[in-house]
$ cat structure_18.cif   # mmCIF, C-alpha atoms and all ligand atoms
data_final
loop_
_atom_site.label_atom_id
_atom_site.label_comp_id
_atom_site.auth_asym_id
_atom_site.auth_seq_id
_atom_site.Cartn_x
_atom_site.Cartn_y
_atom_site.Cartn_z
CA MET A 1 -0.17 2.80 -11.75
CA ILE A 2 -3.01 1.55 -13.93
CA HIS A 3 -5.96 3.86 -14.29
CA LEU A 4 -9.20 3.20 -16.16
CA SER A 5 -11.80 5.88 -16.44
CA ASP A 6 -15.23 5.21 -17.92
CA ILE A 7 -13.91 2.49 -20.21
CA THR A 8 -16.26 0.99 -22.76
CA LYS A 9 -15.36 -1.84 -25.13
CA GLU A 10 -17.62 -2.81 -28.00
CA PHE A 11 -17.18 -5.74 -30.38
CA GLY A 12 -19.57 -4.79 -33.18
CA SER A 13 -22.92 -4.38 -31.47
CA ASN A 14 -21.78 -6.39 -28.44
CA LYS A 15 -20.82 -4.25 -25.45
CA ALA A 16 -18.26 -6.33 -23.57
CA LEU A 17 -17.39 -3.61 -21.02
CA SER A 18 -19.19 -0.45 -20.01
CA GLY A 19 -18.45 2.40 -17.61
CA ILE A 20 -15.44 0.73 -15.98
CA ASN A 21 -13.55 2.87 -13.47
CA LEU A 22 -10.54 1.34 -11.78
CA GLU A 23 -7.34 2.37 -10.00
CA ILE A 24 -4.66 -0.25 -9.50
CA GLU A 25 -1.60 0.53 -7.39
CA ALA A 26 1.82 -1.10 -7.71
CA GLY A 27 2.15 -4.31 -5.72
CA GLU A 28 -1.58 -5.03 -5.37
CA PHE A 29 -2.79 -8.64 -5.42
CA ILE A 30 -6.25 -8.58 -6.96
CA SER A 31 -8.68 -11.25 -8.06
CA LEU A 32 -11.30 -10.76 -10.71
CA ILE A 33 -14.50 -12.74 -10.53
CA GLY A 34 -17.68 -12.89 -12.57
CA PRO A 35 -19.81 -15.26 -14.61
CA SER A 36 -18.77 -16.51 -18.01
CA GLY A 37 -19.07 -13.73 -20.58
CA SER A 38 -18.99 -10.96 -17.98
CA GLY A 39 -15.89 -9.37 -19.51
CA LYS A 40 -13.01 -10.68 -17.37
CA THR A 41 -10.74 -11.60 -20.28
CA THR A 42 -11.61 -8.40 -22.12
CA LEU A 43 -10.72 -6.33 -19.06
CA LEU A 44 -7.40 -8.16 -18.52
CA ARG A 45 -6.50 -7.57 -22.16
CA HIS A 46 -6.94 -3.83 -21.67
CA LEU A 47 -4.48 -3.88 -18.80
CA ASN A 48 -1.61 -4.91 -21.08
CA ALA A 49 -2.89 -2.84 -24.01
CA GLN A 50 -3.75 -5.94 -26.03
CA HIS A 51 -7.17 -4.31 -26.41
CA LEU A 52 -7.77 -0.59 -26.73
CA PRO A 53 -11.00 0.81 -25.32
CA THR A 54 -13.80 1.95 -27.64
CA SER A 55 -14.17 4.96 -25.35
CA GLY A 56 -12.82 6.14 -22.02
CA THR A 57 -9.32 6.73 -20.72
CA LEU A 58 -6.72 4.02 -20.16
CA THR A 59 -3.48 5.08 -18.48
CA ILE A 60 -0.68 2.66 -17.62
CA HIS A 61 2.35 4.02 -15.75
CA GLY A 62 1.27 7.55 -16.55
CA GLU A 63 1.08 6.88 -20.27
CA HIS A 64 -2.18 7.40 -22.12
CA VAL A 65 -2.25 4.05 -23.93
CA PRO A 66 -4.29 4.86 -27.09
CA THR A 67 -1.81 7.57 -28.11
CA LEU A 68 1.36 5.48 -27.72
CA SER A 69 3.56 4.69 -30.70
CA PRO A 70 3.91 0.98 -31.65
CA LYS A 71 7.41 1.03 -30.20
CA ALA A 72 6.27 2.50 -26.89
CA LEU A 73 3.39 0.00 -26.77
CA LYS A 74 5.81 -2.87 -27.24
CA ALA A 75 8.04 -1.57 -24.46
CA LEU A 76 5.03 -1.27 -22.18
CA ARG A 77 3.86 -4.82 -22.90
CA CYS A 78 7.32 -6.28 -22.21
CA LYS A 79 6.94 -5.40 -18.54
CA ILE A 80 3.43 -6.83 -18.22
CA ALA A 81 3.35 -10.62 -18.32
CA TYR A 82 0.16 -12.29 -19.43
CA ILE A 83 -0.73 -15.88 -18.57
CA PRO A 84 -3.61 -16.88 -20.83
CA GLN A 85 -6.41 -19.23 -19.88
CA ASP A 86 -4.85 -22.18 -21.75
CA LEU A 87 -1.36 -21.21 -20.41
CA GLY A 88 -0.11 -20.62 -23.96
CA LEU A 89 2.69 -23.20 -23.79
CA VAL A 90 3.91 -25.05 -26.87
CA SER A 91 3.76 -28.62 -25.64
CA SER A 92 6.26 -30.04 -28.14
CA LEU A 93 8.99 -27.61 -27.01
CA LYS A 94 11.40 -28.03 -24.14
CA VAL A 95 10.57 -26.22 -20.92
CA TYR A 96 13.47 -23.75 -21.30
CA GLN A 97 12.28 -22.91 -24.83
CA ASN A 98 8.79 -22.09 -23.61
CA ILE A 99 10.30 -19.86 -20.98
CA LEU A 100 12.45 -18.08 -23.56
CA LEU A 101 9.24 -17.32 -25.44
CA GLY A 102 8.33 -15.03 -22.54
CA LYS A 103 10.71 -12.55 -24.11
CA VAL A 104 9.59 -13.03 -27.69
CA GLY A 105 8.40 -9.44 -27.94
CA HIS A 106 11.62 -8.03 -26.50
CA PHE A 107 13.99 -8.80 -29.32
CA HIS A 108 14.29 -8.67 -33.06
CA SER A 109 13.06 -12.01 -34.48
CA LEU A 110 16.52 -13.08 -35.67
CA THR A 111 18.01 -12.46 -32.25
CA MET A 112 15.14 -14.41 -30.76
CA LEU A 113 15.70 -17.33 -33.13
CA LYS A 114 19.36 -17.43 -32.21
CA LYS A 115 18.56 -17.36 -28.50
CA PHE A 116 16.06 -20.09 -29.11
CA LEU A 117 18.36 -22.45 -30.97
CA ALA A 118 21.46 -21.77 -28.92
CA PRO A 119 20.52 -20.21 -25.60
CA SER A 120 23.27 -18.28 -23.90
CA LYS A 121 24.71 -19.41 -20.60
CA SER A 122 23.26 -16.37 -18.87
CA ASP A 123 19.77 -17.00 -20.30
CA LEU A 124 19.95 -20.61 -19.13
CA GLU A 125 21.06 -19.48 -15.69
CA THR A 126 18.15 -17.08 -15.41
CA ILE A 127 15.74 -19.76 -16.63
CA HIS A 128 17.11 -22.17 -14.07
CA GLN A 129 16.59 -19.49 -11.43
CA VAL A 130 12.95 -18.82 -12.33
CA LEU A 131 12.27 -22.57 -12.50
CA ASN A 132 13.80 -22.84 -9.06
CA THR A 133 11.47 -20.09 -7.83
CA VAL A 134 8.43 -22.07 -9.02
CA GLY A 135 9.83 -25.30 -7.57
CA ILE A 136 10.74 -27.36 -10.65
CA PRO A 137 14.40 -26.58 -11.48
CA GLU A 138 14.98 -30.17 -12.62
CA LYS A 139 12.56 -29.76 -15.55
CA LEU A 140 14.73 -27.34 -17.54
CA TYR A 141 15.37 -29.68 -20.48
CA ASP A 142 12.18 -31.75 -20.31
CA THR A 143 9.67 -31.72 -23.12
CA THR A 144 6.75 -29.64 -21.87
CA SER A 145 4.09 -32.22 -22.81
CA THR A 146 5.60 -34.75 -20.41
CA LEU A 147 4.91 -32.48 -17.41
CA SER A 148 1.78 -32.75 -15.27
CA GLY A 149 -0.91 -30.05 -15.42
CA GLY A 150 0.34 -28.49 -12.20
CA GLN A 151 3.94 -28.45 -13.42
CA GLN A 152 2.86 -26.83 -16.71
CA GLN A 153 1.17 -24.10 -14.69
CA ARG A 154 4.47 -23.53 -12.94
CA VAL A 155 6.24 -23.27 -16.29
CA ALA A 156 3.73 -20.60 -17.31
CA VAL A 157 4.51 -18.66 -14.13
CA ALA A 158 8.25 -19.12 -14.71
CA ARG A 159 7.84 -17.80 -18.27
CA ALA A 160 6.07 -14.74 -16.85
CA LEU A 161 8.86 -14.19 -14.29
CA PHE A 162 11.54 -14.49 -16.97
CA GLN A 163 10.09 -11.29 -18.44
CA ASN A 164 11.05 -9.53 -15.21
CA PRO A 165 7.61 -7.94 -15.13
CA HIS A 166 6.17 -5.27 -12.85
CA THR A 167 2.74 -6.76 -13.45
CA ILE A 168 1.41 -10.27 -14.04
CA LEU A 169 -2.05 -10.72 -15.52
CA ALA A 170 -3.39 -14.25 -15.23
CA ASP A 171 -6.60 -15.36 -16.91
CA GLU A 172 -8.08 -18.22 -14.87
CA PRO A 173 -4.75 -20.03 -14.57
CA VAL A 174 -6.17 -22.36 -11.96
CA SER A 175 -9.52 -23.21 -13.50
CA ALA A 176 -8.46 -26.56 -14.96
CA VAL A 177 -6.84 -28.09 -11.90
CA ASP A 178 -8.07 -29.66 -8.69
CA PRO A 179 -8.67 -27.41 -5.63
CA ALA A 180 -5.47 -28.39 -3.80
CA ARG A 181 -3.36 -27.59 -6.83
CA ALA A 182 -5.25 -24.35 -7.45
CA LYS A 183 -4.53 -23.32 -3.89
CA SER A 184 -0.83 -24.06 -4.05
CA MET A 185 -0.60 -22.11 -7.31
CA VAL A 186 -2.27 -19.04 -5.81
CA GLU A 187 -0.04 -19.32 -2.74
CA LEU A 188 3.03 -19.53 -4.95
CA LEU A 189 2.04 -16.48 -7.00
CA LYS A 190 1.27 -14.53 -3.86
CA GLU A 191 4.62 -15.36 -2.31
CA ILE A 192 6.53 -14.41 -5.46
CA ALA A 193 4.52 -11.24 -6.03
CA THR A 194 4.95 -10.05 -2.46
CA LYS A 195 8.68 -10.74 -2.45
CA ASN A 196 9.26 -8.96 -5.76
CA ASN A 197 6.62 -6.23 -5.46
CA ILE A 198 4.86 -7.47 -8.59
CA THR A 199 1.29 -6.35 -9.20
CA VAL A 200 -1.00 -9.32 -9.88
CA LEU A 201 -4.47 -9.42 -11.35
CA MET A 202 -5.91 -12.88 -11.64
CA SER A 203 -9.34 -13.92 -12.81
CA ILE A 204 -10.53 -16.87 -10.84
CA HIS A 205 -13.80 -18.78 -10.56
CA ASN A 206 -13.32 -20.05 -7.03
CA ILE A 207 -14.89 -17.57 -4.60
CA GLY A 208 -13.30 -19.30 -1.60
CA LEU A 209 -9.79 -18.81 -3.01
CA ALA A 210 -10.58 -15.21 -3.99
CA VAL A 211 -11.62 -14.35 -0.45
CA GLU A 212 -8.86 -16.28 1.32
CA TYR A 213 -5.87 -15.03 -0.64
CA PHE A 214 -6.73 -11.74 -2.28
CA PRO A 215 -6.86 -8.51 -0.27
CA ARG A 216 -8.93 -6.96 -3.06
CA VAL A 217 -11.64 -8.59 -5.13
CA ILE A 218 -13.20 -7.07 -8.22
CA GLY A 219 -16.47 -8.41 -9.60
CA LEU A 220 -17.83 -8.05 -13.10
CA ARG A 221 -21.28 -8.78 -14.38
CA LYS A 222 -22.51 -8.21 -17.91
CA GLY A 223 -19.54 -5.94 -18.60
CA LYS A 224 -20.12 -3.74 -15.57
CA LEU A 225 -18.06 -3.46 -12.41
CA VAL A 226 -20.40 -4.53 -9.64
CA LEU A 227 -17.90 -5.05 -6.84
CA ASP A 228 -14.58 -3.60 -5.76
CA SER A 229 -13.96 -4.69 -2.22
CA THR A 230 -10.98 -4.83 0.12
CA SER A 231 -12.93 -6.80 2.70
CA PRO A 232 -14.95 -9.25 0.66
CA ASN A 233 -16.82 -12.04 2.33
CA GLU A 234 -17.80 -15.26 0.73
CA GLN A 235 -21.55 -14.94 1.28
CA GLU A 236 -21.66 -11.44 -0.14
CA LEU A 237 -19.86 -12.62 -3.27
CA ALA A 238 -22.01 -15.72 -3.65
CA SER A 239 -25.23 -13.73 -3.35
CA LEU A 240 -23.95 -11.10 -5.75
CA PHE A 241 -23.72 -13.72 -8.45
CA GLU A 242 -26.62 -15.88 -7.35
CA LEU A 243 -28.71 -15.22 -10.42
CA ASP A 244 -26.01 -16.71 -12.58
CA SER A 245 -25.86 -19.79 -10.53
CA GLN A 246 -24.20 -22.07 -13.09
CA ASP A 247 -20.97 -21.15 -11.39
CA LEU A 248 -18.50 -18.42 -12.07
CA ILE A 249 -16.62 -20.37 -14.66
CA GLY A 250 -15.43 -18.15 -17.45
N1 LIG B 301 -12.62 -10.71 -29.77
C1 LIG B 301 -13.95 -10.68 -29.55
N2 LIG B 301 -14.82 -10.47 -30.56
C2 LIG B 301 -16.14 -10.39 -30.33
N3 LIG B 301 -16.72 -10.52 -29.12
C3 LIG B 301 -15.91 -10.73 -28.08
C4 LIG B 301 -14.48 -10.83 -28.23
N4 LIG B 301 -13.94 -11.04 -27.01
C5 LIG B 301 -14.97 -11.09 -26.14
N5 LIG B 301 -16.15 -10.91 -26.77
C6 LIG B 301 -17.46 -10.87 -26.13
O1 LIG B 301 -17.38 -10.00 -25.01
C7 LIG B 301 -18.10 -10.51 -23.91
C8 LIG B 301 -17.16 -10.71 -22.73
O2 LIG B 301 -16.28 -11.79 -23.02
P1 LIG B 301 -15.04 -12.20 -22.12
O3 LIG B 301 -14.26 -10.97 -21.81
O4 LIG B 301 -14.34 -13.29 -22.82
O5 LIG B 301 -15.78 -12.72 -20.80
P2 LIG B 301 -15.23 -13.70 -19.66
O6 LIG B 301 -13.75 -13.76 -19.77
O7 LIG B 301 -15.72 -13.10 -18.39
O8 LIG B 301 -15.87 -15.03 -19.90
C9 LIG B 301 -18.76 -11.81 -24.39
O9 LIG B 301 -20.07 -11.49 -24.82
C10 LIG B 301 -17.89 -12.20 -25.56
O10 LIG B 301 -18.62 -12.95 -26.49
MG MG B 302 -12.47 -15.37 -20.02
#
$ encode --input "structure_18.cif" --output "structure tokens"
Amino acid sequence: MIHLSDITKEFGSNKALSGINLEIEAGEFISLIGPSGSGKTTLLRHLNAQHLPTSGTLTIHGEHVPTLSPKALKALRCKIAYIPQDLGLVSSLKVYQNILLGKVGHFHSLTMLKKFLAPSKSDLETIHQVLNTVGIPEKLYDTTSTLSGGQQQRVAVARALFQNPHTILADEPVSAVDPARAKSMVELLKEIATKNNITVLMSIHNIGLAVEYFPRVIGLRKGKLVLDSTSPNEQELASLFELDSQDLIG
């Protein structure tokens, strides 16, 4: 479904990724680990065509991404939800408005504005449904800033689901919360992804969580893929990154 062949990404003289080969099948639940600066965010941004490679081949759903028209690129991105490291929520907006923003790329800006100011009954129903899926249906009309960190994470997942995506990319969505909350978040995403056959790629700095919940773990180091394992064990992962012992926080 997503195919990367010998991908290199350079920012000026800085090589953020080099020689990346990767095959991702529909419905996979994959974690991405690696020290800070190893290229996790850069890799995730290639998977929704936010970044184009400096060299190499990037194919998503059979489409060779660098040759797509802007319109085709937009259509492609609509089906790939991205949860950024800071969650990307506007804290002064209501929860339902943040969720509507999940579809900001799908419509003409005037249509979007209208939806935003006067959401249709069917949009509100769908939003209520996705909030129900993430366990906080009662927060529909709350101002986002009044929610706890864990609840805001759930809003970010609900916003992703509202896009009706085939793929969710999540950039360290659980790095800022305590271990119990991180665990329940990963469990929630896994349950939703399995039920809806959504492909998930999540960068994560907790090796224990990566091993416990993800059937496939990919490891990056200095822009290179150093691990792609379907039977990872915690010690192997810890020793792989031992030299960068100040944790895997990215
Ligand atoms: N937009 C950018 N412009 C310049 N350099 C960048 C940009 N994005 C990432 N980099 C560089 O690429 C490397 C990988 O960064 P990143 O993908 O953010 O790593 P990680 O997410 O693993 O911490 C770093 O050296 C970083 O400074
Ligand atoms: Mg990062």
$ atom_distance --input "structure_18.cif" --atom1 "atom CA of A:Leu87" --atom2 "atom CA of A:Gln153"
6.9 Å
$ closest_residue --input "structure_18.cif" --among "A:Ser18, A:Ser239, A:Ser122, A:Asn206" --to "A:Leu32" --atoms "only C-alpha atoms"
A:Asn206
$ residues_near_point --input "structure_18.cif" --point "(4.6, -4.1, -18.6)" --cutoff "8 Å" --atoms "all atoms listed in the file" --output "PDB file with C-alpha atoms, in the coordinates of the input"
ATOM      1  CA  ASN A  48      -1.610  -4.910 -21.080  1.00  0.00           C
ATOM      2  CA  ALA A  75       8.040  -1.570 -24.460  1.00  0.00           C
ATOM      3  CA  LEU A  76       5.030  -1.270 -22.180  1.00  0.00           C
ATOM      4  CA  ARG A  77       3.860  -4.820 -22.900  1.00  0.00           C
ATOM      5  CA  CYS A  78       7.320  -6.280 -22.210  1.00  0.00           C
ATOM      6  CA  LYS A  79       6.940  -5.400 -18.540  1.00  0.00           C
ATOM      7  CA  ILE A  80       3.430  -6.830 -18.220  1.00  0.00           C
ATOM      8  CA  ALA A  81       3.350 -10.620 -18.320  1.00  0.00           C
ATOM      9  CA  PRO A 165       7.610  -7.940 -15.130  1.00  0.00           C
ATOM     10  CA  HIS A 166       6.170  -5.270 -12.850  1.00  0.00           C
ATOM     11  CA  THR A 167       2.740  -6.760 -13.450  1.00  0.00           C
TER      12      THR A 167
END
$ residues_near_ligand --input "structure_18.cif" --ligand "ligand MG 302 (chain B)" --cutoff "7 Å" --atoms "only C-alpha atoms and all ligand atoms" --output "mmCIF file with C-alpha atoms, in the coordinates of the input"
data_model
loop_
_atom_site.group_PDB
_atom_site.id
_atom_site.type_symbol
_atom_site.label_atom_id
_atom_site.label_comp_id
_atom_site.auth_asym_id
_atom_site.auth_seq_id
_atom_site.Cartn_x
_atom_site.Cartn_y
_atom_site.Cartn_z
ATOM 1 C CA SER A 36 -18.770 -16.510 -18.010
ATOM 2 C CA GLY A 37 -19.070 -13.730 -20.580
ATOM 3 C CA GLY A 39 -15.890 -9.370 -19.510
ATOM 4 C CA LYS A 40 -13.010 -10.680 -17.370
ATOM 5 C CA THR A 41 -10.740 -11.600 -20.280
ATOM 6 C CA ASP A 171 -6.600 -15.360 -16.910
ATOM 7 C CA GLY A 250 -15.430 -18.150 -17.450
#
$ residues_near_ligand --input "structure_18.cif" --ligand "ligand LIG 301 (chain B)" --cutoff "9 Å" --atoms "only C-alpha atoms and all ligand atoms" --output "PDB file with C-alpha atoms, keeping the file's coordinate frame"
ATOM      1  CA  LYS A   9     -15.360  -1.840 -25.130  1.00  0.00           C
ATOM      2  CA  GLU A  10     -17.620  -2.810 -28.000  1.00  0.00           C
ATOM      3  CA  PHE A  11     -17.180  -5.740 -30.380  1.00  0.00           C
ATOM      4  CA  GLY A  12     -19.570  -4.790 -33.180  1.00  0.00           C
ATOM      5  CA  ASN A  14     -21.780  -6.390 -28.440  1.00  0.00           C
ATOM      6  CA  LYS A  15     -20.820  -4.250 -25.450  1.00  0.00           C
ATOM      7  CA  ALA A  16     -18.260  -6.330 -23.570  1.00  0.00           C
ATOM      8  CA  LEU A  17     -17.390  -3.610 -21.020  1.00  0.00           C
ATOM      9  CA  ILE A  33     -14.500 -12.740 -10.530  1.00  0.00           C
ATOM     10  CA  GLY A  34     -17.680 -12.890 -12.570  1.00  0.00           C
ATOM     11  CA  PRO A  35     -19.810 -15.260 -14.610  1.00  0.00           C
ATOM     12  CA  SER A  36     -18.770 -16.510 -18.010  1.00  0.00           C
ATOM     13  CA  GLY A  37     -19.070 -13.730 -20.580  1.00  0.00           C
ATOM     14  CA  SER A  38     -18.990 -10.960 -17.980  1.00  0.00           C
ATOM     15  CA  GLY A  39     -15.890  -9.370 -19.510  1.00  0.00           C
ATOM     16  CA  LYS A  40     -13.010 -10.680 -17.370  1.00  0.00           C
ATOM     17  CA  THR A  41     -10.740 -11.600 -20.280  1.00  0.00           C
ATOM     18  CA  THR A  42     -11.610  -8.400 -22.120  1.00  0.00           C
ATOM     19  CA  LEU A  43     -10.720  -6.330 -19.060  1.00  0.00           C
ATOM     20  CA  LEU A  44      -7.400  -8.160 -18.520  1.00  0.00           C
ATOM     21  CA  ARG A  45      -6.500  -7.570 -22.160  1.00  0.00           C
ATOM     22  CA  ASP A 171      -6.600 -15.360 -16.910  1.00  0.00           C
ATOM     23  CA  GLU A 172      -8.080 -18.220 -14.870  1.00  0.00           C
ATOM     24  CA  SER A 203      -9.340 -13.920 -12.810  1.00  0.00           C
ATOM     25  CA  LEU A 220     -17.830  -8.050 -13.100  1.00  0.00           C
ATOM     26  CA  ARG A 221     -21.280  -8.780 -14.380  1.00  0.00           C
ATOM     27  CA  LYS A 222     -22.510  -8.210 -17.910  1.00  0.00           C
ATOM     28  CA  GLY A 223     -19.540  -5.940 -18.600  1.00  0.00           C
ATOM     29  CA  LEU A 248     -18.500 -18.420 -12.070  1.00  0.00           C
ATOM     30  CA  ILE A 249     -16.620 -20.370 -14.660  1.00  0.00           C
ATOM     31  CA  GLY A 250     -15.430 -18.150 -17.450  1.00  0.00           C
TER      32      GLY A 250
END
$ residues_around --input "structure_18.cif" --residues "stretch 101-118 of chain A" --least-positions-apart "3" --cutoff "10 Å" --atoms "only C-alpha atoms" --output "ChimeraX atom specification"
/A:74-75,77-79,81-83,89-90,96-98,121,123-124,156-164
$ atom_distance --input "structure_18.cif" --atom1 "atom CA of A:Asp86" --atom2 "atom CA of A:Ser175"
9.5 Å
$ residues_near_point --input "structure_18.cif" --point "(3.2, -11.7, -1.7)" --cutoff "12 Å" --atoms "only C-alpha atoms" --output "NGL selection string"
:A and (27-30 or 186-200 or 213-215)
$ closest_atom_pairs --input "structure_18.cif" --of "stretch 174-216 of chain A" --to "stretch 227-238 of chain A" --cutoff "8 Å" --atoms "all atoms listed in the file" --output "CSV"
residue,atom,partner,partner_atom,distance
A:Ile207,CA,A:Glu234,CA,6.5
A:Gly208,CA,A:Glu234,CA,6.5
A:Val211,CA,A:Pro232,CA,6.2
A:Pro215,CA,A:Thr230,CA,5.5
A:Arg216,CA,A:Thr230,CA,4.3
$ atom_distance --input "structure_18.cif" --atom1 "atom CA of A:Met202" --atom2 "atom CA of A:Gly149"
18.3 Å
$ residues_around --input "structure_18.cif" --residues "A:Leu131" --least-positions-apart "5" --cutoff "8 Å" --atoms "only C-alpha atoms" --output "MDAnalysis selection string"
chainID A and resid 136:137 139:140 154:155 158
$ closest_residue --input "structure_18.cif" --among "A:Glu25, A:Val95, A:Ser5, A:Gln85" --to "A:His64" --atoms "only C-alpha atoms"
A:Ser5
